[in-house]
Amino acid sequence: MAQTKAAKSAKSGTASGGKSPRRVRQDSPQGGSGQTARGRATGRAGKKAEAPSRLRIRVRAYEHGVLDGAVKQIIDVAARHNAEVVGPVPLPIDIKKYTVNRSTFIDKDSREQFEMRIHKRMIDILNPAPKVIEALTNIDLPSGVNIDVKMM
């Protein structure tokens, strides 16, 4: 009564010989409870109805002194309007290095190296009032400072 592999796979319904086909997950019977059939949270129903808003400001500059002055101005404006400020958080410095030949034609071994450092800081303002946002848009910062503002 020896059965061949093909006969066994025909009985079990798969070509691989014994492994069941992959199950497709269906919607949970609980409705929109935010859990899968196995009881894991999906993240949809677990969110709060009203999350606190946050204004994330990323400031970048080539010179750290100018950057720190701009950050101090931003924090002073936020503190003047009684906003809750988190930071400044120093972010990693981006360093771009360039290597060039000293001469144009000969002496390949003689080279010069240059680098540009981009200093970065991050400031979070929690639950900003409209007056704070308006004051931050009217602030006058030094040249060479790049600002990215994101509402979260």
# chains A, B, ... in the order shown; residues from 1 in each chain; ligands from 1

call {"tool": "residues_around", "arguments": {"residues": "Leu136 of chain A", "least_positions_apart": "6", "cutoff": "12 Å", "atoms": "only C-alpha atoms", "output": "list in words"}}
result
Leu55, Ile57, Ala70, Val71, Gln73, Ile74, Ile75, Asp76, Val77, Ala78, Ala79, Arg80, His81, Ala83, Ile125, Pro128, Ala129, Pro130, Ile147 and Val149 of chain A

call {"tool": "write_last_selection", "arguments": {"atoms": "C-alpha atoms", "output": "tab-separated table (two decimals), in the first residue's frame"}}
result
chain	number	residue	atom	x	y	z
A	55	LEU	CA	4.83	72.63	16.13
A	57	ILE	CA	10.84	73.59	14.12
A	70	ALA	CA	18.42	82.14	16.10
A	71	VAL	CA	17.27	79.34	18.41
A	73	GLN	CA	15.21	84.22	19.49
A	74	ILE	CA	12.63	81.51	18.70
A	75	ILE	CA	12.51	80.31	22.31
A	76	ASP	CA	12.19	83.89	23.62
A	77	VAL	CA	9.23	84.58	21.30
A	78	ALA	CA	7.51	81.35	22.40
A	79	ALA	CA	8.17	82.06	26.09
A	80	ARG	CA	6.78	85.59	25.71
A	81	HIS	CA	3.43	84.07	24.65
A	83	ALA	CA	3.96	78.47	25.09
A	125	ILE	CA	6.28	73.88	20.79
A	128	PRO	CA	0.75	76.46	20.13
A	129	ALA	CA	-1.82	79.27	20.27
A	130	PRO	CA	-2.53	81.25	17.09
A	147	ILE	CA	14.05	76.90	9.09
A	149	VAL	CA	8.31	74.25	10.35

call {"tool": "residues_around", "arguments": {"residues": "Lys120 of chain A", "least_positions_apart": "6", "cutoff": "6 Å", "atoms": "only C-alpha atoms", "output": "ChimeraX atom specification"}}
result
/A:59-60,91

call {"tool": "closest_residue", "arguments": {"among": "A:Arg102, A:Arg117, A:Lys108, A:Lys150", "to": "Tyr62 of chain A", "atoms": "only C-alpha atoms"}}
result
A:Arg117

call {"tool": "atom_distance", "arguments": {"atom1": "atom CA of Glu112 of chain A", "atom2": "atom CA of Lys97 of chain A"}}
result
10.5 Å

call {"tool": "residues_around", "arguments": {"residues": "Phe114 of chain A", "least_positions_apart": "6", "cutoff": "10 Å", "atoms": "only C-alpha atoms", "output": "list in words"}}
result
Lys96, Lys97, Tyr98, Thr99 and Val100 of chain A

call {"tool": "write_last_selection", "arguments": {"atoms": "N, CA and C atoms", "output": "compact mmCIF listing (two decimals), in the first residue's frame"}}
result
# COMPACT_ATOMS: atom_id res chain seq x y z
N LYS A 96 30.01 67.38 4.98
CA LYS A 96 30.26 67.06 3.57
C LYS A 96 31.73 67.33 3.30
N LYS A 97 32.46 66.29 2.89
CA LYS A 97 33.89 66.43 2.63
C LYS A 97 34.16 66.38 1.14
N TYR A 98 35.07 67.24 0.70
CA TYR A 98 35.47 67.33 -0.69
C TYR A 98 36.99 67.23 -0.77
N THR A 99 37.49 66.38 -1.66
CA THR A 99 38.93 66.22 -1.88
C THR A 99 39.24 66.64 -3.31
N VAL A 100 40.20 67.53 -3.47
CA VAL A 100 40.58 68.02 -4.80
C VAL A 100 42.09 67.94 -4.95

call {"tool": "residues_around", "arguments": {"residues": "Val66 of chain A", "least_positions_apart": "3", "cutoff": "8 Å", "atoms": "only C-alpha atoms", "output": "JSON list (two decimals) with N, CA and C atoms, in the first residue's frame"}}
result
[["chain", "number", "residue", "atom", "x", "y", "z"],
["A", 61, "ALA", "N", 22.11, 75.69, 10.06],
["A", 61, "ALA", "CA", 23.03, 76.77, 9.66],
["A", 61, "ALA", "C", 24.44, 76.20, 9.57],
["A", 63, "GLU", "N", 27.14, 78.00, 10.63],
["A", 63, "GLU", "CA", 27.87, 78.47, 11.81],
["A", 63, "GLU", "C", 27.04, 78.22, 13.06],
["A", 69, "GLY", "N", 22.02, 81.70, 18.26],
["A", 69, "GLY", "CA", 21.33, 82.98, 18.41],
["A", 69, "GLY", "C", 19.92, 82.93, 17.86],
["A", 70, "ALA", "N", 19.74, 82.26, 16.70],
["A", 70, "ALA", "CA", 18.42, 82.14, 16.10],
["A", 70, "ALA", "C", 17.51, 81.28, 16.98],
["A", 142, "PRO", "N", 18.69, 85.95, 11.44],
["A", 142, "PRO", "CA", 19.86, 86.30, 10.63],
["A", 142, "PRO", "C", 19.94, 85.48, 9.34],
["A", 145, "VAL", "N", 20.46, 81.14, 8.08],
["A", 145, "VAL", "CA", 19.72, 80.20, 8.92],
["A", 145, "VAL", "C", 18.53, 79.69, 8.13]]

call {"tool": "closest_residue", "arguments": {"among": "A:Val86, A:Asp109, A:Asp68, A:Ile95", "to": "Asn127 of chain A", "atoms": "only C-alpha atoms"}}
result
A:Val86
